[in-house]
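Okay, target.cif is below, mmCIF, C-alpha atoms:
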```
data_target
loop_
_atom_site.label_atom_id
_atom_site.label_comp_id
_atom_site.auth_asym_id
_atom_site.auth_seq_id
_atom_site.Cartn_x
_atom_site.Cartn_y
_atom_site.Cartn_z
CA MET A 1384 125.15 90.89 71.55
CA ILE A 1385 124.62 94.24 73.22
CA LYS A 1386 125.65 94.23 76.83
CA MET A 1387 122.67 94.26 79.16
CA LYS A 1388 122.57 96.50 82.19
CA VAL A 1389 121.65 94.28 85.11
CA LEU A 1390 120.66 95.48 88.57
CA ILE A 1391 120.40 93.31 91.66
CA ILE A 1392 117.89 94.60 94.20
CA ILE A 1393 118.55 93.46 97.75
CA PRO A 1394 115.69 94.27 100.13
CA ALA A 1395 117.09 94.24 103.66
CA TYR A 1396 115.26 94.49 106.92
CA ASN A 1397 117.36 93.72 109.98
CA GLU A 1398 119.92 91.68 108.06
CA SER A 1399 123.06 92.88 109.81
CA GLU A 1400 124.29 89.29 110.20
CA ASN A 1401 123.96 88.35 106.55
CA ILE A 1402 124.23 91.44 104.41
CA GLU A 1403 128.03 91.78 104.41
CA ARG A 1404 128.63 88.21 103.30
CA LEU A 1405 126.16 88.52 100.44
CA VAL A 1406 127.29 91.90 99.14
CA ASP A 1407 131.00 91.12 99.42
CA ASN A 1408 130.35 87.97 97.41
CA LEU A 1409 128.53 90.01 94.76
CA ILE A 1410 131.25 92.66 94.51
CA GLU A 1411 134.06 90.14 94.38
CA ASN A 1412 132.64 87.45 92.12
CA TYR A 1413 129.97 89.16 90.06
CA PRO A 1414 131.28 92.63 89.19
CA GLN A 1415 129.37 92.52 85.89
CA TYR A 1416 126.12 93.16 87.77
CA ASP A 1417 125.22 96.36 89.61
CA TYR A 1418 123.50 96.07 92.93
CA VAL A 1419 121.48 98.24 95.25
CA ILE A 1420 120.48 97.51 98.83
CA VAL A 1421 117.10 98.81 99.96
CA ASN A 1422 117.30 99.26 103.70
CA ASP A 1423 113.74 99.21 104.98
CA CYS A 1424 114.35 101.25 108.12
CA SER A 1425 116.19 98.43 109.92
CA SER A 1426 116.53 98.73 113.67
CA ASP A 1427 119.56 96.49 114.17
CA GLY A 1428 122.32 98.61 112.71
CA THR A 1429 122.13 97.29 109.15
CA GLU A 1430 122.37 100.85 107.88
CA GLU A 1431 125.46 101.48 109.99
CA ILE A 1432 127.18 98.48 108.40
CA ILE A 1433 126.29 99.29 104.81
CA ARG A 1434 127.27 102.92 105.22
CA ARG A 1435 130.61 102.04 106.79
CA ARG A 1436 131.36 99.54 104.06
CA GLY A 1437 130.45 102.10 101.40
CA TYR A 1438 127.90 99.88 99.68
CA ASN A 1439 125.41 101.27 97.21
CA TYR A 1440 122.17 101.61 99.12
CA ILE A 1441 118.82 103.34 99.39
CA SER A 1442 117.47 103.97 102.85
CA LEU A 1443 113.73 104.25 103.37
CA PRO A 1444 112.89 106.88 105.99
CA VAL A 1445 109.83 104.90 107.14
CA ASN A 1446 109.37 101.13 107.31
CA LEU A 1447 107.23 100.09 104.35
CA GLY A 1448 107.49 96.32 104.46
CA ILE A 1449 109.01 94.05 101.85
CA GLY A 1450 106.65 95.10 99.05
CA GLY A 1451 107.32 98.81 99.36
CA GLY A 1452 111.05 98.20 99.67
CA VAL A 1453 111.28 96.04 96.57
CA GLN A 1454 109.15 98.51 94.64
CA CYS A 1455 111.61 101.24 95.57
CA GLY A 1456 114.35 99.08 94.05
CA TYR A 1457 112.34 98.74 90.85
CA LEU A 1458 111.87 102.52 90.77
CA TYR A 1459 115.63 102.88 91.04
CA ALA A 1460 116.06 100.41 88.17
CA VAL A 1461 113.67 102.41 85.98
CA GLN A 1462 115.35 105.67 86.93
CA HIS A 1463 118.76 104.35 85.90
CA ASP A 1464 117.49 102.59 82.81
CA TYR A 1465 118.41 99.01 83.65
CA ASP A 1466 117.50 96.25 81.19
CA VAL A 1467 117.08 93.53 83.77
CA ALA A 1468 116.22 93.84 87.46
CA ILE A 1469 116.85 90.95 89.81
CA GLN A 1470 115.39 90.64 93.24
CA ILE A 1471 117.38 88.64 95.77
CA ASP A 1472 116.75 88.17 99.47
CA GLY A 1473 119.12 89.88 101.88
CA ASP A 1474 119.41 86.82 104.11
CA GLY A 1475 121.74 84.81 101.89
CA GLN A 1476 119.18 82.14 100.96
CA HIS A 1477 119.74 82.73 97.30
CA ASP A 1478 123.06 81.91 95.70
CA PRO A 1479 124.15 84.61 93.24
CA ALA A 1480 125.71 81.82 91.16
CA TYR A 1481 122.24 81.15 89.75
CA ILE A 1482 121.73 84.70 88.54
CA GLU A 1483 123.17 83.89 85.15
CA GLU A 1484 120.73 81.01 84.65
CA LEU A 1485 117.89 83.13 85.97
CA ILE A 1486 118.39 85.97 83.53
CA ARG A 1487 119.24 83.83 80.51
CA PRO A 1488 115.60 83.30 79.39
CA ILE A 1489 115.01 87.03 79.78
CA ILE A 1490 118.05 88.00 77.73
CA GLU A 1491 117.02 85.50 75.07
CA GLY A 1492 113.58 87.12 75.06
CA LYS A 1493 111.76 83.93 76.05
CA THR A 1494 110.00 85.45 79.01
CA ASP A 1495 109.26 88.71 80.83
CA ILE A 1496 109.69 87.44 84.36
CA ALA A 1497 111.83 84.56 85.62
CA ILE A 1498 111.36 83.06 89.07
CA GLY A 1499 113.94 80.90 90.78
CA SER A 1500 112.29 77.74 92.09
CA ARG A 1501 113.76 75.27 94.56
CA PHE A 1502 111.04 72.71 93.86
CA ILE A 1503 111.91 71.81 90.27
CA LYS A 1504 115.12 69.91 90.94
CA LYS A 1505 114.24 69.40 94.62
CA GLU A 1506 117.80 70.02 95.75
CA GLY A 1507 119.09 72.01 98.67
CA PHE A 1508 117.00 73.64 101.37
CA GLN A 1509 113.34 72.66 100.92
CA THR A 1510 111.85 74.51 103.94
CA SER A 1511 109.45 73.12 106.54
CA PHE A 1512 106.54 70.79 105.76
CA MET A 1513 103.93 73.36 106.77
CA ARG A 1514 105.48 76.01 104.61
CA ARG A 1515 105.65 73.62 101.64
CA PHE A 1516 102.00 72.72 102.21
CA GLY A 1517 101.09 76.42 102.20
CA ILE A 1518 103.10 77.02 99.06
CA GLY A 1519 101.27 74.09 97.43
CA ILE A 1520 97.89 75.61 98.21
CA ILE A 1521 98.96 78.99 96.87
CA LYS A 1522 100.25 77.25 93.77
CA PHE A 1523 96.78 75.75 93.25
CA VAL A 1524 95.08 79.12 93.77
CA ILE A 1525 97.42 80.84 91.31
CA LYS A 1526 96.76 78.09 88.77
CA MET A 1527 93.01 78.64 89.21
CA CYS A 1528 93.33 82.42 89.02
CA CYS A 1529 95.48 82.86 85.97
CA GLY A 1530 96.35 79.44 84.59
CA VAL A 1531 100.10 79.55 85.11
CA THR A 1532 101.91 76.89 87.12
CA ILE A 1533 104.45 78.33 89.53
CA THR A 1534 105.94 75.76 91.87
CA ASP A 1535 107.76 78.11 94.24
CA THR A 1536 105.16 80.79 94.74
CA THR A 1537 106.83 82.61 97.61
CA SER A 1538 110.28 82.67 96.08
CA GLY A 1539 111.84 86.09 96.39
CA PHE A 1540 114.48 85.24 93.81
CA ARG A 1541 113.20 86.66 90.56
CA ALA A 1542 114.25 88.64 87.54
CA SER A 1543 112.26 90.87 85.24
CA ASN A 1544 112.88 92.54 81.90
CA LYS A 1545 112.49 96.25 81.22
CA ALA A 1546 108.73 96.20 80.61
CA ALA A 1547 108.01 94.09 83.69
CA THR A 1548 110.34 96.23 85.81
CA LYS A 1549 108.46 99.32 84.72
CA TYR A 1550 105.18 97.63 85.58
CA PHE A 1551 106.43 96.57 89.02
CA SER A 1552 107.73 100.07 89.72
CA MET A 1553 104.20 101.35 89.26
CA HIS A 1554 102.13 98.51 90.72
CA TYR A 1555 103.62 96.28 93.31
CA ALA A 1556 101.52 94.46 95.87
CA ASN A 1557 102.28 95.48 99.39
CA ASP A 1558 100.69 92.88 101.62
CA TYR A 1559 101.71 89.55 100.11
CA PRO A 1560 104.08 90.76 97.43
CA GLU A 1561 105.53 87.53 96.06
CA PRO A 1562 102.40 85.55 95.12
CA GLU A 1563 100.33 88.65 94.38
CA ALA A 1564 102.94 90.01 91.99
CA ILE A 1565 102.73 86.73 90.03
CA VAL A 1566 98.97 87.00 89.66
CA GLU A 1567 98.99 90.71 88.80
CA ALA A 1568 101.81 90.39 86.30
CA SER A 1569 100.24 87.35 84.70
CA LEU A 1570 96.82 89.01 84.41
CA ASN A 1571 98.48 92.00 82.80
CA GLY A 1572 99.92 89.86 80.05
CA PHE A 1573 103.47 89.26 81.27
CA LYS A 1574 104.99 85.88 80.61
CA ILE A 1575 106.37 84.09 83.65
CA LEU A 1576 108.85 81.25 83.61
CA GLU A 1577 110.49 79.25 86.36
CA VAL A 1578 114.14 78.41 86.54
CA PRO A 1579 115.48 75.65 88.83
CA VAL A 1580 117.76 76.95 91.57
CA VAL A 1581 119.16 75.61 94.81
CA MET A 1582 118.44 77.60 97.94
CA LYS A 1583 120.26 77.61 101.24
CA GLU A 1584 118.82 77.85 104.69
CA ARG A 1585 119.22 81.33 106.11
CA ARG A 1586 122.30 81.57 108.30
CA GLY A 1587 121.45 84.28 110.78
CA GLY A 1588 118.50 86.39 111.83
CA ILE A 1589 114.91 85.22 111.79
CA SER A 1590 112.58 84.60 108.88
CA SER A 1591 109.53 86.83 108.60
CA ILE A 1592 107.21 83.81 108.41
CA ASN A 1593 107.39 81.14 111.10
CA ALA A 1594 105.74 77.70 111.10
CA LYS A 1595 102.75 78.61 113.25
CA ARG A 1596 101.84 81.54 111.11
CA SER A 1597 102.14 79.72 107.79
CA VAL A 1598 98.58 78.36 107.90
CA TYR A 1599 97.20 81.78 108.68
CA TYR A 1600 99.42 83.28 106.00
CA MET A 1601 98.25 80.72 103.46
CA ILE A 1602 94.55 81.42 104.05
CA LYS A 1603 95.03 85.17 103.87
CA VAL A 1604 97.16 84.96 100.74
CA SER A 1605 94.68 82.65 99.00
CA LEU A 1606 91.84 85.06 99.76
CA ALA A 1607 93.91 88.05 98.66
CA LEU A 1608 94.79 86.32 95.39
CA ILE A 1609 91.16 85.47 94.64
CA VAL A 1610 90.09 89.03 95.37
CA CYS A 1611 92.96 90.28 93.23
CA ARG A 1612 91.83 88.02 90.37
CA ILE A 1613 88.21 89.18 90.60
CA GLY A 1614 89.27 92.81 90.81
CA THR A 1615 91.66 92.79 87.86
CA ARG A 1616 90.67 92.79 84.24
CA LYS A 1617 92.62 90.26 82.24
CA ARG A 1618 94.79 91.89 79.60
CA LYS A 1619 96.50 90.42 76.61
CA ARG A 1620 100.20 90.84 76.06
CA SER A 1621 99.55 93.44 73.39
CA GLU A 1622 97.36 95.70 75.48
CA ARG A 1623 99.36 95.66 78.69
CA ILE A 1624 100.38 98.87 80.32
CA MET B 1217 59.90 106.41 120.50
CA SER B 1218 60.13 107.34 124.17
CA LEU B 1219 60.48 110.94 125.20
CA THR B 1220 63.74 110.19 127.02
CA LEU B 1221 65.34 108.80 123.88
CA ARG B 1222 64.12 111.78 121.86
CA ILE B 1223 65.60 114.24 124.33
CA PHE B 1224 68.84 112.27 124.44
CA LEU B 1225 69.08 112.27 120.62
CA ILE B 1226 68.32 115.98 120.38
CA ILE B 1227 70.99 116.85 122.94
CA SER B 1228 73.62 114.65 121.31
CA CYS B 1229 72.83 116.10 117.87
CA VAL B 1230 73.28 119.62 119.13
CA ILE B 1231 76.54 118.71 120.85
CA SER B 1232 77.92 116.99 117.76
CA VAL B 1233 77.07 119.95 115.51
CA VAL B 1234 78.69 122.37 117.93
CA TYR B 1235 81.76 120.16 118.24
CA THR B 1236 82.07 119.78 114.46
CA LEU B 1237 81.85 123.52 113.94
CA LYS B 1238 84.47 124.06 116.60
CA LYS B 1239 86.81 121.65 114.83
CA ILE B 1240 86.29 123.50 111.56
CA ARG B 1241 87.05 126.82 113.17
CA LYS B 1242 90.28 125.42 114.59
CA ALA B 1243 91.08 124.07 111.10
CA GLN B 1244 91.35 120.53 112.44
CA MET B 1245 88.73 119.23 110.04
CA ASN B 1246 88.03 119.81 106.36
CA ILE B 1247 84.67 121.31 105.50
CA ASP B 1248 84.20 118.45 103.08
CA ASP B 1249 84.67 115.82 105.81
CA SER B 1250 82.50 117.69 108.29
CA LEU B 1251 79.47 117.76 105.97
CA TYR B 1252 78.69 114.13 106.77
CA TRP B 1253 78.49 114.78 110.51
CA ILE B 1254 76.43 117.92 110.16
CA VAL B 1255 73.97 116.31 107.75
CA MET B 1256 73.75 113.21 109.98
CA SER B 1257 73.07 115.32 113.06
CA VAL B 1258 70.42 117.36 111.31
CA MET B 1259 68.70 114.21 110.03
CA LEU B 1260 68.67 112.64 113.49
CA LEU B 1261 67.42 115.89 114.93
CA VAL B 1262 64.52 115.92 112.48
CA LEU B 1263 63.76 112.28 113.32
CA SER B 1264 63.63 112.98 117.03
CA VAL B 1265 61.68 116.23 116.77
CA PHE B 1266 59.11 114.73 114.39
CA PRO B 1267 58.75 111.06 115.39
CA GLN B 1268 55.89 110.71 112.88
CA ILE B 1269 58.47 110.39 110.13
CA ALA B 1270 60.11 107.44 111.90
CA GLU B 1271 56.71 105.89 112.58
CA GLN B 1272 55.72 106.06 108.92
CA ALA B 1273 59.10 104.71 107.78
CA ALA B 1274 58.93 101.87 110.30
CA LYS B 1275 55.50 100.90 108.99
CA LEU B 1276 56.72 101.08 105.41
CA PHE B 1277 59.76 98.83 106.03
CA GLY B 1278 57.86 96.52 108.40
CA PHE B 1279 59.79 97.22 111.62
CA ILE B 1280 58.04 96.16 114.81
CA GLY B 1281 59.15 99.12 116.88
CA VAL B 1282 59.70 102.70 115.76
CA VAL B 1283 62.94 102.83 117.67
CA ASN B 1284 64.26 99.90 115.61
CA PHE B 1285 64.03 102.07 112.54
CA VAL B 1286 66.06 104.81 114.23
CA PHE B 1287 68.79 102.31 115.19
CA PHE B 1288 68.75 100.79 111.70
CA PHE B 1289 69.16 104.25 110.22
CA ILE B 1290 72.13 105.04 112.46
CA ILE B 1291 73.88 101.71 111.86
CA PHE B 1292 73.44 102.00 108.12
CA ALA B 1293 74.89 105.50 108.09
CA VAL B 1294 77.85 104.38 110.21
CA ILE B 1295 78.64 101.44 107.89
CA VAL B 1296 78.60 103.71 104.86
CA LYS B 1297 80.99 106.09 106.60
CA LEU B 1298 83.25 103.22 107.68
CA PHE B 1299 83.51 102.01 104.12
CA GLN B 1300 84.39 105.49 102.95
CA ILE B 1301 87.10 105.75 105.59
CA ALA B 1302 88.54 102.37 104.58
CA ILE B 1303 88.86 103.61 101.00
CA ASP B 1304 90.40 106.89 102.11
CA LEU B 1305 92.89 105.03 104.27
CA SER B 1306 93.92 102.80 101.38
CA ILE B 1307 94.50 105.81 99.16
CA THR B 1308 96.47 107.53 101.92
CA LYS B 1309 98.61 104.43 102.48
CA HIS B 1310 99.34 104.23 98.77
CA ARG B 1311 100.34 107.89 98.63
CA LEU B 1312 102.50 107.58 101.73
CA ASN B 1313 104.20 104.57 100.16
CA SER B 1314 105.18 106.39 96.99
CA LEU B 1315 106.14 109.49 98.95
CA VAL B 1316 108.53 107.49 101.16
CA GLN B 1317 110.05 105.84 98.09
CA LYS B 1318 110.53 109.19 96.37
CA ILE B 1319 112.19 110.68 99.43
CA ALA B 1320 114.49 107.66 99.68
CA LEU B 1321 115.49 107.97 96.03
CA TYR B 1322 116.09 111.74 96.31
CA ASN B 1323 118.18 111.15 99.42
CA LYS B 1324 120.22 108.62 97.53
CA GLU B 1325 120.88 111.06 94.69
CA LEU B 1326 121.87 113.71 97.17
CA LYS B 1327 124.19 111.32 98.95
CA ASP B 1328 125.81 110.26 95.68
CA CYS B 1329 126.52 113.89 94.79
CA THR B 1330 128.26 114.75 98.04
CA VAL B 1331 131.59 113.27 99.07
CA PRO B 1332 131.19 110.28 101.40
CA GLU B 1333 132.28 110.79 104.98
CA SER B 1334 134.96 108.10 104.89
CA GLU B 1335 136.68 109.79 101.93
CA ARG B 1336 136.51 113.17 103.60
CA GLU B 1337 138.23 111.69 106.64
CA ARG B 1338 140.93 110.17 104.48
CA GLU B 1339 141.52 113.55 102.84
CA THR B 1340 141.98 115.34 106.15
CA VAL B 1341 144.31 112.62 107.37
CA GLY B 1342 146.35 112.93 104.14
CA ARG B 1343 146.60 116.69 104.51
CA ALA B 1344 147.74 116.36 108.11
CA GLU B 1345 150.49 113.96 107.05
CA GLU B 1346 151.68 116.35 104.33
CA LYS B 1347 152.10 119.05 106.90
#
```
Written as structure tokens, how would this file's structure read?
Amino acid sequence: MIKMKVLIIIPAYNESENIERLVDNLIENYPQYDYVIVNDCSSDGTEEIIRRRGYNYISLPVNLGIGGGVQCGYLYAVQHDYDVAIQIDGDGQHDPAYIEELIRPIIEGKTDIAIGSRFIKKEGFQTSFMRRFGIGIIKFVIKMCCGVTITDTTSGFRASNKAATKYFSMHYANDYPEPEAIVEASLNGFKILEVPVVMKERRGGISSINAKRSVYYMIKVSLALIVCRIGTRKRKRSERI
Amino acid sequence: MSLTLRIFLIISCVISVVYTLKKIRKAQMNIDDSLYWIVMSVMLLVLSVFPQIAEQAAKLFGFIGVVNFVFFFIIFAVIVKLFQIAIDLSITKHRLNSLVQKIALYNKELKDCTVPESERERETVGRAEEK
């Protein structure tokens, strides 16, 4: 088998407490994968740390939010001709040990996009009840919009093959990137598959979505997804761009 | 339409045209963007100088008062402009997004080409020790 070039994209916004642990783990235990950190104009000295440690990173001059940051990573992947691009959160929630399982269906050509889901095996950190409720609603909306069942709709642990990476580098939702990317990719004929993973609770820093805001988030995301579905023409796999 | 309102409208139209032209002269506004304001002002000016037009239009659309038609006209025009601005803003955001990403990627290439600071330091330290 030809060796695949794999890139791990780590979007980081104010992750000074977690980033070192994650990247050191990657360098030490998974040298077969390349990685790039996308520093989204952090204000807590994340850039200072990654520069001092000599990590491979891209620094955005203006804060773009998670969507713009991840898209920049995909652009980097296209520029350097990677076969598989993996997105992994900078807060250490996702265990790199699952990367191999995540990219296996892509390497075997079974799917275009693989998403790591914590709700298949129901092990490890399962997040708060409100957040799970919100994820359930979004799951329903996605099912209605494009007919695919994704259990962990907000999972930021995902891998994509070359075609999907190219697509994401050109069109990546900015406002609610995780669920919207699923709908857009699916409507444009990409195949999406879920892989069971175990997630950890973040160790330091604060999550971007807290419990109070999850309901609000859920309503806005559902609306955005429906609008996205109405506004996008469904394409078959053969005619995708 | 009362005379006071007509005078008020005429004065504000004149002021807005003058202000728009001033902005164009200072190159703070594109001619293309200013057209809307000039056309709007002229239309309102015509409406207030010849209230018969508004009266006829009000009758045609079934408005009770003539002044209601004038307000309706203004609100409608403002909503159209607002929509246009929302679209423009979206396009601008999108362009800014890709611009920022391109700059970041160019910066990265540049950084990869030049020797990192830490290595440069090590070199100077090494040279000092040799001496």
List every protein, DNA or RNA residue that has an atom no more than 9 Å from (123.2, 88.4, 95.5) in the file's coordinate frame, counting only C-alpha atoms, and report them as a PDB file with C-alpha atoms, in the frame of the given file.
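Wrote it out as selection-v6.pdb, contents follow:
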```pdb
ATOM      1  CA  ILE A1391     120.400  93.310  91.660  1.00  0.00           C
ATOM      2  CA  ILE A1392     117.890  94.600  94.200  1.00  0.00           C
ATOM      3  CA  ILE A1393     118.550  93.460  97.750  1.00  0.00           C
ATOM      4  CA  LEU A1405     126.160  88.520 100.440  1.00  0.00           C
ATOM      5  CA  VAL A1406     127.290  91.900  99.140  1.00  0.00           C
ATOM      6  CA  ASN A1408     130.350  87.970  97.410  1.00  0.00           C
ATOM      7  CA  LEU A1409     128.530  90.010  94.760  1.00  0.00           C
ATOM      8  CA  TYR A1413     129.970  89.160  90.060  1.00  0.00           C
ATOM      9  CA  TYR A1418     123.500  96.070  92.930  1.00  0.00           C
ATOM     10  CA  ILE A1469     116.850  90.950  89.810  1.00  0.00           C
ATOM     11  CA  GLN A1470     115.390  90.640  93.240  1.00  0.00           C
ATOM     12  CA  ILE A1471     117.380  88.640  95.770  1.00  0.00           C
ATOM     13  CA  ASP A1472     116.750  88.170  99.470  1.00  0.00           C
ATOM     14  CA  GLY A1473     119.120  89.880 101.880  1.00  0.00           C
ATOM     15  CA  GLY A1475     121.740  84.810 101.890  1.00  0.00           C
ATOM     16  CA  HIS A1477     119.740  82.730  97.300  1.00  0.00           C
ATOM     17  CA  ASP A1478     123.060  81.910  95.700  1.00  0.00           C
ATOM     18  CA  PRO A1479     124.150  84.610  93.240  1.00  0.00           C
ATOM     19  CA  ALA A1480     125.710  81.820  91.160  1.00  0.00           C
ATOM     20  CA  ILE A1482     121.730  84.700  88.540  1.00  0.00           C
TER      21      ILE A1482
END
```
> Pick from A:Lys1549, A:His1554, A:Lys1574, A:Arg1618: nearest to chain B, with all atoms listed in the file counted?
Replying inline: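 Residue with the minimum atom-to-atom distance to chain B: A:His1554.
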>> Can you translate the PyMOL selection byres ((chain A) within 12 of (chain B)) into the concrete residues it hits in this file, as a PyMOL selection string?
In response: chain A and resi 1419-1424+1434-1463+1552-1558
Reference answer for the PyMOL selection byres ((chain A and resi 1489) around 12), as an mmCIF file with C-alpha atoms, in the frame of the given file:
```
data_model
loop_
_atom_site.group_PDB
_atom_site.id
_atom_site.type_symbol
_atom_site.label_atom_id
_atom_site.label_comp_id
_atom_site.auth_asym_id
_atom_site.auth_seq_id
_atom_site.Cartn_x
_atom_site.Cartn_y
_atom_site.Cartn_z
ATOM 1 C CA MET A 1387 122.670 94.260 79.160
ATOM 2 C CA VAL A 1389 121.650 94.280 85.110
ATOM 3 C CA ASP A 1466 117.500 96.250 81.190
ATOM 4 C CA VAL A 1467 117.080 93.530 83.770
ATOM 5 C CA ALA A 1468 116.220 93.840 87.460
ATOM 6 C CA ILE A 1469 116.850 90.950 89.810
ATOM 7 C CA ILE A 1482 121.730 84.700 88.540
ATOM 8 C CA GLU A 1483 123.170 83.890 85.150
ATOM 9 C CA GLU A 1484 120.730 81.010 84.650
ATOM 10 C CA LEU A 1485 117.890 83.130 85.970
ATOM 11 C CA ILE A 1486 118.390 85.970 83.530
ATOM 12 C CA ARG A 1487 119.240 83.830 80.510
ATOM 13 C CA PRO A 1488 115.600 83.300 79.390
ATOM 14 C CA ILE A 1490 118.050 88.000 77.730
ATOM 15 C CA GLU A 1491 117.020 85.500 75.070
ATOM 16 C CA GLY A 1492 113.580 87.120 75.060
ATOM 17 C CA LYS A 1493 111.760 83.930 76.050
ATOM 18 C CA THR A 1494 110.000 85.450 79.010
ATOM 19 C CA ASP A 1495 109.260 88.710 80.830
ATOM 20 C CA ILE A 1496 109.690 87.440 84.360
ATOM 21 C CA ALA A 1497 111.830 84.560 85.620
ATOM 22 C CA ILE A 1498 111.360 83.060 89.070
ATOM 23 C CA ARG A 1541 113.200 86.660 90.560
ATOM 24 C CA ALA A 1542 114.250 88.640 87.540
ATOM 25 C CA SER A 1543 112.260 90.870 85.240
ATOM 26 C CA ASN A 1544 112.880 92.540 81.900
ATOM 27 C CA LYS A 1545 112.490 96.250 81.220
ATOM 28 C CA ALA A 1546 108.730 96.200 80.610
ATOM 29 C CA ALA A 1547 108.010 94.090 83.690
ATOM 30 C CA THR A 1548 110.340 96.230 85.810
ATOM 31 C CA PHE A 1573 103.470 89.260 81.270
ATOM 32 C CA LYS A 1574 104.990 85.880 80.610
ATOM 33 C CA ILE A 1575 106.370 84.090 83.650
ATOM 34 C CA LEU A 1576 108.850 81.250 83.610
ATOM 35 C CA GLU A 1577 110.490 79.250 86.360
ATOM 36 C CA VAL A 1578 114.140 78.410 86.540
#
```
> Which distance in Å separates CA of Val1580 in chain A and CA of Arg1501 in chain A, to one decimal?
Replying inline: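 According to the coordinates, CA of Val1580 in chain A and CA of Arg1501 in chain A are separated by 5.3 Å.
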